[in-house]
file final.cif (mmCIF, C-alpha atoms)
data_input
loop_
_atom_site.label_atom_id
_atom_site.label_comp_id
_atom_site.auth_asym_id
_atom_site.auth_seq_id
_atom_site.Cartn_x
_atom_site.Cartn_y
_atom_site.Cartn_z
CA MET A 177 -3.62 22.29 -44.97
CA ALA A 178 -1.12 20.34 -42.88
CA ASN A 179 -2.27 18.96 -39.60
CA ARG A 180 -0.91 20.93 -36.69
CA PRO A 181 -0.17 19.22 -33.40
CA PHE A 182 -2.00 20.43 -30.33
CA PRO A 183 -0.01 22.84 -28.19
CA ALA A 184 1.67 21.22 -25.22
CA SER A 185 -0.42 23.33 -22.81
CA ILE A 186 -3.70 22.02 -24.28
CA ALA A 187 -2.51 18.43 -24.15
CA SER A 188 -1.35 18.97 -20.58
CA ASN A 189 -4.72 20.42 -19.53
CA ALA A 190 -6.53 17.51 -21.16
CA GLY A 191 -4.35 15.04 -19.29
CA GLN A 192 -4.95 16.84 -16.01
CA GLY A 193 -8.68 16.78 -16.67
CA ARG A 194 -8.64 13.01 -17.16
CA LEU A 195 -6.60 12.60 -13.98
CA ALA A 196 -9.07 14.77 -12.06
CA TRP A 197 -12.03 12.63 -13.19
CA GLY A 198 -10.20 9.35 -12.59
CA PRO A 199 -10.91 9.00 -8.85
CA ILE A 200 -14.58 9.83 -9.40
CA LEU A 201 -15.36 7.48 -12.28
CA ALA A 202 -14.62 4.24 -10.40
CA PRO A 203 -17.01 4.97 -7.47
CA LEU A 204 -19.70 6.19 -9.90
CA PHE A 205 -19.39 3.01 -11.95
CA LEU A 206 -19.57 0.89 -8.79
CA LEU A 207 -22.70 2.74 -7.61
CA LEU A 208 -24.32 2.31 -11.03
CA LEU A 209 -23.50 -1.40 -11.10
CA TRP A 210 -24.81 -1.75 -7.54
CA GLN A 211 -28.08 -0.02 -8.48
CA VAL A 212 -28.57 -2.16 -11.59
CA VAL A 213 -27.90 -5.44 -9.77
CA SER A 214 -30.18 -4.47 -6.88
CA LEU A 215 -33.01 -3.73 -9.33
CA SER A 216 -32.42 -6.84 -11.43
CA GLY A 217 -33.97 -9.20 -8.89
CA LEU A 218 -30.96 -11.52 -8.79
CA PHE A 219 -30.85 -11.16 -5.02
CA PRO A 220 -33.71 -10.62 -2.54
CA ALA A 221 -34.29 -7.00 -1.58
CA GLN A 222 -33.56 -7.86 2.04
CA VAL A 223 -30.09 -9.13 1.10
CA LEU A 224 -28.95 -6.53 -1.44
CA VAL A 225 -30.53 -3.13 -0.81
CA SER A 226 -30.13 -0.37 -3.37
CA PRO A 227 -27.78 2.60 -3.04
CA THR A 228 -30.74 4.95 -2.87
CA GLU A 229 -32.11 3.08 0.15
CA VAL A 230 -28.72 3.19 1.84
CA ALA A 231 -28.49 6.92 1.11
CA HIS A 232 -31.95 7.40 2.62
CA THR A 233 -30.84 5.48 5.73
CA LEU A 234 -27.74 7.66 6.05
CA VAL A 235 -29.84 10.84 5.79
CA THR A 236 -32.35 9.53 8.35
CA MET A 237 -29.62 8.51 10.83
CA ALA A 238 -27.82 11.83 10.35
CA GLY A 239 -31.05 13.74 10.95
CA SER A 240 -31.81 11.82 14.14
CA GLY A 241 -28.29 12.33 15.51
CA GLU A 242 -27.61 8.59 15.73
CA LEU A 243 -24.91 8.66 13.05
CA GLU A 244 -23.19 11.63 14.69
CA ARG A 245 -23.15 9.82 18.04
CA HIS A 246 -21.59 6.66 16.63
CA VAL A 247 -19.01 8.54 14.55
CA GLY A 248 -18.14 10.81 17.47
CA ASP A 249 -17.59 7.86 19.84
CA SER A 250 -15.37 6.07 17.32
CA LEU A 251 -13.28 9.15 16.55
CA TYR A 252 -12.87 9.91 20.25
CA ARG A 253 -11.47 6.43 20.85
CA LEU A 254 -9.27 6.76 17.77
CA VAL A 255 -7.72 10.06 18.90
CA ILE A 256 -7.03 8.90 22.46
CA GLY A 257 -5.84 5.42 21.53
CA PHE A 258 -3.68 6.58 18.61
CA THR A 259 -2.06 9.32 20.70
CA LEU A 260 -1.19 6.95 23.53
CA GLY A 261 0.02 4.21 21.21
CA ALA A 262 2.08 6.58 19.05
CA LEU A 263 3.80 8.17 22.05
CA ALA A 264 4.60 4.75 23.50
CA GLY A 265 5.85 3.58 20.11
CA LEU A 266 8.11 6.60 19.67
CA THR A 267 9.60 6.10 23.12
CA PHE A 268 10.09 2.36 22.76
CA GLY A 269 11.48 2.58 19.23
CA ALA A 270 14.00 5.23 20.26
CA LEU A 271 14.99 3.18 23.32
CA ILE A 272 15.84 -0.01 21.43
CA ALA A 273 17.50 1.97 18.63
CA LEU A 274 19.82 3.92 20.93
CA SER A 275 20.58 1.18 23.48
CA ARG A 276 22.16 -2.10 22.40
CA LEU A 277 21.26 -3.60 25.77
CA ALA A 278 17.58 -2.65 25.41
CA GLU A 279 17.55 -3.99 21.86
CA ALA A 280 19.01 -7.34 22.92
CA ALA A 281 16.56 -7.65 25.81
CA LEU A 282 13.35 -6.35 24.24
CA SER A 283 13.48 -6.66 20.45
CA PRO A 284 12.88 -10.48 20.28
CA LEU A 285 9.65 -10.16 22.26
CA PHE A 286 8.64 -7.05 20.32
CA LEU A 287 9.18 -8.71 16.94
CA THR A 288 7.26 -11.78 18.09
CA LEU A 289 4.25 -9.78 19.26
CA TRP A 290 4.40 -7.67 16.08
CA GLN A 291 3.47 -10.81 14.10
CA VAL A 292 0.32 -11.42 16.16
CA PRO A 293 -2.89 -9.81 14.78
CA VAL A 294 -4.17 -7.16 17.16
CA ILE A 295 -7.63 -8.76 17.16
CA ALA A 296 -6.04 -11.84 18.74
CA PHE A 297 -5.40 -9.75 21.86
CA VAL A 298 -9.10 -8.86 22.20
CA PRO A 299 -10.18 -11.84 24.40
CA VAL A 300 -7.39 -11.15 26.88
CA MET A 301 -8.16 -7.42 26.91
CA VAL A 302 -11.85 -8.09 27.50
CA ILE A 303 -11.00 -10.29 30.50
CA PHE A 304 -8.86 -7.59 32.13
CA LEU A 305 -10.59 -4.40 30.90
CA GLY A 306 -14.17 -5.44 30.19
CA ILE A 307 -15.96 -3.94 27.19
CA ASP A 308 -16.07 -0.33 28.38
CA GLU A 309 -14.05 2.58 26.98
CA PRO A 310 -10.63 1.47 28.32
CA PHE A 311 -10.89 -1.69 26.22
CA LYS A 312 -11.53 0.12 22.93
CA ILE A 313 -8.84 2.72 23.63
CA ALA A 314 -6.35 -0.03 24.52
CA VAL A 315 -7.06 -1.86 21.25
CA ALA A 316 -6.45 1.33 19.27
CA ALA A 317 -3.27 2.04 21.24
CA VAL A 318 -1.85 -1.43 20.61
CA ALA A 319 -2.65 -1.12 16.90
CA ALA A 320 -0.75 2.17 16.71
CA PHE A 321 2.17 1.13 18.91
CA PHE A 322 3.86 -1.47 16.72
CA PRO A 323 4.11 0.41 13.37
CA VAL A 324 5.33 3.59 15.10
CA ALA A 325 7.90 1.74 17.21
CA LEU A 326 9.26 -0.13 14.19
CA ALA A 327 9.40 3.02 12.05
CA THR A 328 11.17 4.95 14.81
CA PHE A 329 13.69 2.16 15.26
CA ASP A 330 14.41 1.95 11.51
CA GLY A 331 14.58 5.74 11.21
CA ILE A 332 17.13 6.18 13.99
CA ARG A 333 19.19 3.20 12.90
CA GLY A 334 19.21 4.65 9.38
CA VAL A 335 20.99 7.82 10.51
CA PRO A 336 24.60 7.67 9.23
CA LYS A 337 27.19 7.08 11.96
CA SER A 338 29.19 10.02 10.65
CA TYR A 339 26.51 12.35 12.02
CA PHE A 340 27.13 11.07 15.54
CA GLU A 341 30.89 11.18 15.08
CA VAL A 342 30.78 14.83 14.02
CA ALA A 343 28.49 15.62 16.97
CA ARG A 344 30.94 13.88 19.31
CA VAL A 345 33.90 15.84 17.90
CA TYR A 346 32.09 19.16 18.40
CA ARG A 347 30.76 18.00 21.78
CA THR A 348 27.19 18.63 20.78
CA ARG A 349 24.72 18.79 23.65
CA LEU A 350 22.14 16.01 23.91
CA SER A 351 19.26 18.39 23.24
CA ASP A 352 20.97 19.69 20.09
CA LEU A 353 21.79 16.14 19.02
CA ILE A 354 18.12 15.20 19.26
CA TRP A 355 16.53 18.28 17.68
CA ARG A 356 19.17 19.15 15.06
CA ILE A 357 20.31 15.69 13.98
CA LEU A 358 18.00 12.87 15.02
CA VAL A 359 14.65 14.54 14.45
CA PRO A 360 15.32 15.92 10.92
CA ALA A 361 17.02 12.68 9.85
CA THR A 362 14.22 10.42 11.09
CA VAL A 363 11.21 12.54 10.07
CA PRO A 364 10.38 10.64 6.83
CA ALA A 365 10.44 7.18 8.44
CA VAL A 366 8.58 8.26 11.58
CA VAL A 367 5.86 10.18 9.73
CA THR A 368 5.33 7.25 7.37
CA GLY A 369 5.03 4.98 10.40
CA LEU A 370 2.48 7.36 11.95
CA ARG A 371 0.44 7.34 8.74
CA VAL A 372 0.42 3.54 8.56
CA ALA A 373 -0.40 3.35 12.27
CA LEU A 374 -3.33 5.75 11.93
CA THR A 375 -5.07 3.79 9.18
CA ARG A 376 -4.30 0.47 10.91
CA CYS A 377 -5.62 1.90 14.18
CA TRP A 378 -8.92 2.88 12.55
CA ILE A 379 -9.41 -0.54 10.92
CA VAL A 380 -8.67 -2.43 14.13
CA LEU A 381 -10.88 -0.12 16.20
CA VAL A 382 -13.92 -0.65 13.97
CA ALA A 383 -13.31 -4.41 14.06
CA ALA A 384 -13.10 -4.32 17.86
CA GLU A 385 -16.38 -2.37 18.02
CA LEU A 386 -17.96 -5.13 15.93
CA LEU A 387 -16.93 -7.67 18.55
CA ALA A 388 -17.59 -5.82 21.81
CA ALA A 389 -18.97 -2.30 22.11
CA ASP A 390 -22.09 -0.38 23.02
CA SER A 391 -21.55 2.44 20.51
CA GLY A 392 -19.42 3.38 17.54
CA ILE A 393 -19.45 2.63 13.81
CA GLY A 394 -18.64 -1.04 14.37
CA GLN A 395 -21.41 -1.47 16.92
CA MET A 396 -23.84 0.27 14.57
CA MET A 397 -23.04 -2.28 11.86
CA GLU A 398 -23.27 -5.18 14.32
CA MET A 399 -26.72 -4.08 15.51
CA GLY A 400 -27.81 -3.76 11.90
CA ARG A 401 -26.61 -7.32 11.25
CA GLN A 402 -28.44 -8.69 14.27
CA LEU A 403 -31.67 -6.96 13.24
CA PHE A 404 -31.09 -7.92 9.57
CA GLN A 405 -31.03 -4.24 8.56
CA ILE A 406 -28.61 -4.54 5.67
CA ASP A 407 -29.05 -0.86 4.80
CA VAL A 408 -27.63 0.08 8.23
CA VAL A 409 -24.72 -2.33 7.75
CA LEU A 410 -23.87 -0.90 4.34
CA ALA A 411 -24.25 2.64 5.65
CA GLY A 412 -21.67 1.81 8.31
CA VAL A 413 -19.34 0.33 5.69
CA ILE A 414 -19.57 3.49 3.58
CA VAL A 415 -19.02 5.83 6.54
CA SER A 416 -16.07 3.86 7.91
CA GLY A 417 -14.53 3.70 4.44
CA LEU A 418 -14.91 7.45 3.91
CA ILE A 419 -13.40 8.23 7.32
CA GLY A 420 -10.49 5.88 6.64
CA PHE A 421 -9.93 7.49 3.24
CA LEU A 422 -9.94 11.00 4.72
CA LEU A 423 -7.58 9.96 7.52
CA ASP A 424 -5.13 8.50 5.01
CA ARG A 425 -5.33 11.55 2.74
CA GLY A 426 -4.76 13.91 5.65
CA ALA A 427 -1.83 11.84 6.90
CA ARG A 428 -0.32 11.76 3.39
CA ALA A 429 -0.56 15.55 3.19
CA ILE A 430 1.23 15.89 6.52
CA GLU A 431 3.84 13.36 5.36
CA SER A 432 4.46 15.34 2.18
CA ARG A 433 4.77 18.60 4.12
CA ALA A 434 7.17 17.03 6.60
CA ASN A 435 9.37 15.72 3.79
CA ARG A 436 9.47 19.17 2.19
CA TRP A 437 10.42 20.68 5.57
CA ARG A 438 13.27 18.17 5.88
CA SER A 439 14.49 18.92 2.36
CA ALA A 440 14.42 22.65 3.09
#
call {"tool": "encode", "arguments": {"input": "final.cif", "output": "structure tokens"}}
result
Amino acid sequence: MANRPFPASIASNAGQGRLAWGPILAPLFLLLLWQVVSLSGLFPAQVLVSPTEVAHTLVTMAGSGELERHVGDSLYRLVIGFTLGALAGLTFGALIALSRLAEAALSPLFLTLWQVPVIAFVPVMVIFLGIDEPFKIAVAAVAAFFPVALATFDGIRGVPKSYFEVARVYRTRLSDLIWRILVPATVPAVVTGLRVALTRCWIVLVAAELLAADSGIGQMMEMGRQLFQIDVVLAGVIVSGLIGFLLDRGARAIESRANRWRSA
């Protein structure tokens, strides 16, 4: 009997199954390797705790409400700081994109500060704002400002000049020019900038909490380091990584939906 090839549908389902398991296999392998190394005795138990111990610490902290408090404080700062920074970035990016005078006056300073790591601003911010909530929110806002401003500038500058010429011929009102031409044309660049800014904002915020904070995921890890509780440190690493992953996935979904809306 001649060998018959598998139907295309079966091969397609098998491929989809492998793709579905792909994102799960790598973390499982890493956890297994982590467990084996922690049990091998290569490192002291105080230095490399096992995944099961970290999981137990996470459950204990979640049950006591400590984990919820730290996560809630960090997410609160993220929402406020990202919102303020994104709004400022949208406004500034549109200003220097639409005004040659503003671009000539402000873009050199903007591009210079863009090259400076946000963490480098922390000492100055601490001097003026202290280590209370305004400091953490300001750090998050600065982290969000630059990517959004740059994306807005590039998005508006990428709009073909013919669009504006047609609008000028038909004497299009400013409100119609913004909502019917500029917004649809700049959606992909701006949404991508917002996604990059969100993940960057989260990373910088956690780093700032490590340096100066009284609560939050970063402060939780710093206290664990000071008390040599490596399980608490690793629990914070896992939680911050999961939150960052979920933020990026959610932002990518919004980006994909916005691009479909523009295409429609």
call {"tool": "closest_residue", "arguments": {"input": "final.cif", "among": "A:Leu251, A:Leu353, A:Val366, A:Ile303", "to": "Ser391 of chain A", "atoms": "all atoms listed in the file"}}
result
A:Leu251
call {"tool": "closest_residue", "arguments": {"input": "final.cif", "among": "A:Leu287, A:Leu208, A:Cys377, A:Val294", "to": "Ala320 of chain A", "atoms": "all atoms listed in the file"}}
result
A:Cys377
call {"tool": "closest_residue", "arguments": {"input": "final.cif", "among": "A:Ala296, A:Arg356, A:Val413, A:Arg333", "to": "Val380 of chain A", "atoms": "only C-alpha atoms"}}
result
A:Ala296
call {"tool": "atom_distance", "arguments": {"input": "final.cif", "atom1": "atom CA of Val235 of chain A", "atom2": "atom CA of Lys312 of chain A"}}
result
27.3 Å
call {"tool": "closest_residue", "arguments": {"input": "final.cif", "among": "A:Leu289, A:Val367, A:Leu274, A:Leu422", "to": "Ile354 of chain A", "atoms": "only C-alpha atoms"}}
result
A:Leu274
call {"tool": "resolve_selection", "arguments": {"input": "final.cif", "expression": "the PyMOL selection byres ((chain A and resi 270) around 12)", "output": "VMD selection string"}}
result
chain A and resid 263 to 269 271 to 276 278 to 279 283 324 to 333 354 358 to 359 362 366
call {"tool": "residues_around", "arguments": {"input": "final.cif", "residues": "segment 253-261 of chain A", "least_positions_apart": "4", "cutoff": "6 Å", "atoms": "only C-alpha atoms", "output": "list of chain:residue names"}}
result
A:Gly265, A:Ile313, A:Ala316, A:Ala317, A:Val318, A:Ala320, A:Phe321
call {"tool": "write_last_selection", "arguments": {"input": "final.cif", "atoms": "C-alpha atoms", "output": "short mmCIF file (atom, residue, chain, number, x, y, z; two decimals), in the frame of the given file"}}
result
data_model
loop_
_atom_site.label_atom_id
_atom_site.label_comp_id
_atom_site.auth_asym_id
_atom_site.auth_seq_id
_atom_site.Cartn_x
_atom_site.Cartn_y
_atom_site.Cartn_z
CA GLY A 265 5.85 3.58 20.11
CA ILE A 313 -8.84 2.72 23.63
CA ALA A 316 -6.45 1.33 19.27
CA ALA A 317 -3.27 2.04 21.24
CA VAL A 318 -1.85 -1.43 20.61
CA ALA A 320 -0.75 2.17 16.71
CA PHE A 321 2.17 1.13 18.91
#
call {"tool": "resolve_selection", "arguments": {"input": "final.cif", "expression": "the PyMOL selection byres ((chain A and resi 420) around 10)", "output": "list in words"}}
result
Leu374, Thr375, Arg376, Cys377, Trp378, Ile379, Ile414, Val415, Ser416, Gly417, Leu418, Ile419, Phe421, Leu422, Leu423, Asp424, Arg425 and Gly426 of chain A
call {"tool": "write_last_selection", "arguments": {"input": "final.cif", "atoms": "C-alpha atoms", "output": "tab-separated table (two decimals), in the frame of the given file"}}
result
chain	number	residue	atom	x	y	z
A	374	LEU	CA	-3.33	5.75	11.93
A	375	THR	CA	-5.07	3.79	9.18
A	376	ARG	CA	-4.30	0.47	10.91
A	377	CYS	CA	-5.62	1.90	14.18
A	378	TRP	CA	-8.92	2.88	12.55
A	379	ILE	CA	-9.41	-0.54	10.92
A	414	ILE	CA	-19.57	3.49	3.58
A	415	VAL	CA	-19.02	5.83	6.54
A	416	SER	CA	-16.07	3.86	7.91
A	417	GLY	CA	-14.53	3.70	4.44
A	418	LEU	CA	-14.91	7.45	3.91
A	419	ILE	CA	-13.40	8.23	7.32
A	421	PHE	CA	-9.93	7.49	3.24
A	422	LEU	CA	-9.94	11.00	4.72
A	423	LEU	CA	-7.58	9.96	7.52
A	424	ASP	CA	-5.13	8.50	5.01
A	425	ARG	CA	-5.33	11.55	2.74
A	426	GLY	CA	-4.76	13.91	5.65
call {"tool": "closest_residue", "arguments": {"input": "final.cif", "among": "A:Glu431, A:Glu309, A:Asp407, A:Glu398", "to": "Tyr252 of chain A", "atoms": "only C-alpha atoms"}}
result
A:Glu309
call {"tool": "residues_around", "arguments": {"input": "final.cif", "residues": "Val292 of chain A", "least_positions_apart": "5", "cutoff": "12 Å", "atoms": "all atoms listed in the file", "output": "PyMOL selection string"}}
result
chain A and resi 285-287+297-298+318-319+322
call {"tool": "axis_aligned_box", "arguments": {"input": "final.cif", "around": "segment 362-381 of chain A", "padding_each_side": "6 Å", "output": "AutoDock Vina command-line options"}}
result
--center_x 1.7 --center_y 5.1 --center_z 11.5 --size_x 37.1 --size_y 27.0 --size_z 21.4
call {"tool": "closest_residue", "arguments": {"input": "final.cif", "among": "A:Gln395, A:Thr288, A:Gln405, A:Ser226", "to": "Leu243 of chain A", "atoms": "only C-alpha atoms"}}
result
A:Gln395
call {"tool": "atom_distance", "arguments": {"input": "final.cif", "atom1": "atom CA of Ile393 of chain A", "atom2": "atom CA of Asp249 of chain A"}}
result
8.2 Å
call {"tool": "build_atoms", "arguments": {"input": "final.cif", "residues": "segment 314-342 of chain A", "atoms": "N, CA and C atoms", "output": "mmCIF file, keeping the file's coordinate frame"}}
result
data_model
loop_
_atom_site.group_PDB
_atom_site.id
_atom_site.type_symbol
_atom_site.label_atom_id
_atom_site.label_comp_id
_atom_site.auth_asym_id
_atom_site.auth_seq_id
_atom_site.Cartn_x
_atom_site.Cartn_y
_atom_site.Cartn_z
ATOM 1 N N ALA A 314 -7.531 0.834 24.466
ATOM 2 C CA ALA A 314 -6.350 -0.030 24.520
ATOM 3 C C ALA A 314 -6.133 -0.744 23.194
ATOM 4 N N VAL A 315 -7.197 -1.205 22.560
ATOM 5 C CA VAL A 315 -7.060 -1.860 21.250
ATOM 6 C C VAL A 315 -6.472 -0.898 20.234
ATOM 7 N N ALA A 316 -6.978 0.335 20.204
ATOM 8 C CA ALA A 316 -6.450 1.330 19.270
ATOM 9 C C ALA A 316 -4.999 1.648 19.584
ATOM 10 N N ALA A 317 -4.652 1.729 20.863
ATOM 11 C CA ALA A 317 -3.270 2.040 21.240
ATOM 12 C C ALA A 317 -2.314 0.940 20.822
ATOM 13 N N VAL A 318 -2.704 -0.300 21.013
ATOM 14 C CA VAL A 318 -1.850 -1.430 20.610
ATOM 15 C C VAL A 318 -1.668 -1.437 19.099
ATOM 16 N N ALA A 319 -2.740 -1.149 18.359
ATOM 17 C CA ALA A 319 -2.650 -1.120 16.900
ATOM 18 C C ALA A 319 -1.691 -0.046 16.409
ATOM 19 N N ALA A 320 -1.640 1.080 17.118
ATOM 20 C CA ALA A 320 -0.750 2.170 16.710
ATOM 21 C C ALA A 320 0.676 1.963 17.182
ATOM 22 N N PHE A 321 0.847 1.260 18.290
ATOM 23 C CA PHE A 321 2.170 1.130 18.910
ATOM 24 C C PHE A 321 3.197 0.470 18.001
ATOM 25 N N PHE A 322 2.868 -0.674 17.440
ATOM 26 C CA PHE A 322 3.860 -1.470 16.720
ATOM 27 C C PHE A 322 4.392 -0.787 15.454
ATOM 28 N N PRO A 323 3.546 -0.249 14.564
ATOM 29 C CA PRO A 323 4.110 0.410 13.370
ATOM 30 C C PRO A 323 4.971 1.623 13.724
ATOM 31 N N VAL A 324 4.564 2.402 14.729
ATOM 32 C CA VAL A 324 5.330 3.590 15.100
ATOM 33 C C VAL A 324 6.671 3.196 15.720
ATOM 34 N N ALA A 325 6.656 2.192 16.586
ATOM 35 C CA ALA A 325 7.900 1.740 17.210
ATOM 36 C C ALA A 325 8.880 1.219 16.168
ATOM 37 N N LEU A 326 8.390 0.426 15.233
ATOM 38 C CA LEU A 326 9.260 -0.130 14.190
ATOM 39 C C LEU A 326 9.795 0.964 13.282
ATOM 40 N N ALA A 327 8.950 1.926 12.910
ATOM 41 C CA ALA A 327 9.400 3.020 12.050
ATOM 42 C C ALA A 327 10.420 3.896 12.759
ATOM 43 N N THR A 328 10.207 4.148 14.041
ATOM 44 C CA THR A 328 11.170 4.950 14.810
ATOM 45 C C THR A 328 12.510 4.238 14.910
ATOM 46 N N PHE A 329 12.461 2.946 15.181
ATOM 47 C CA PHE A 329 13.690 2.160 15.260
ATOM 48 C C PHE A 329 14.455 2.203 13.931
ATOM 49 N N ASP A 330 13.762 1.942 12.831
ATOM 50 C CA ASP A 330 14.410 1.950 11.510
ATOM 51 C C ASP A 330 14.927 3.350 11.160
ATOM 52 N N GLY A 331 14.158 4.385 11.522
ATOM 53 C CA GLY A 331 14.580 5.740 11.210
ATOM 54 C C GLY A 331 15.857 6.138 11.926
ATOM 55 N N ILE A 332 15.934 5.826 13.213
ATOM 56 C CA ILE A 332 17.130 6.180 13.990
ATOM 57 C C ILE A 332 18.320 5.339 13.553
ATOM 58 N N ARG A 333 18.100 4.054 13.326
ATOM 59 C CA ARG A 333 19.190 3.200 12.900
ATOM 60 C C ARG A 333 19.682 3.569 11.487
ATOM 61 N N GLY A 334 18.816 4.238 10.722
ATOM 62 C CA GLY A 334 19.210 4.650 9.380
ATOM 63 C C GLY A 334 20.033 5.919 9.327
ATOM 64 N N VAL A 335 20.174 6.606 10.465
ATOM 65 C CA VAL A 335 20.990 7.820 10.510
ATOM 66 C C VAL A 335 22.469 7.429 10.357
ATOM 67 N N PRO A 336 23.187 8.029 9.416
ATOM 68 C CA PRO A 336 24.600 7.670 9.230
ATOM 69 C C PRO A 336 25.417 7.880 10.501
ATOM 70 N N LYS A 337 26.353 6.985 10.761
ATOM 71 C CA LYS A 337 27.190 7.080 11.960
ATOM 72 C C LYS A 337 28.061 8.327 11.935
ATOM 73 N N SER A 338 28.349 8.822 10.739
ATOM 74 C CA SER A 338 29.190 10.020 10.650
ATOM 75 C C SER A 338 28.541 11.215 11.326
ATOM 76 N N TYR A 339 27.201 11.255 11.348
ATOM 77 C CA TYR A 339 26.510 12.350 12.020
ATOM 78 C C TYR A 339 26.862 12.357 13.515
ATOM 79 N N PHE A 340 26.824 11.165 14.118
ATOM 80 C CA PHE A 340 27.130 11.070 15.540
ATOM 81 C C PHE A 340 28.611 11.351 15.813
ATOM 82 N N GLU A 341 29.456 10.921 14.907
ATOM 83 C CA GLU A 341 30.890 11.180 15.080
ATOM 84 C C GLU A 341 31.201 12.659 15.041
ATOM 85 N N VAL A 342 30.584 13.381 14.101
ATOM 86 C CA VAL A 342 30.780 14.830 14.020
ATOM 87 C C VAL A 342 30.244 15.498 15.285
#
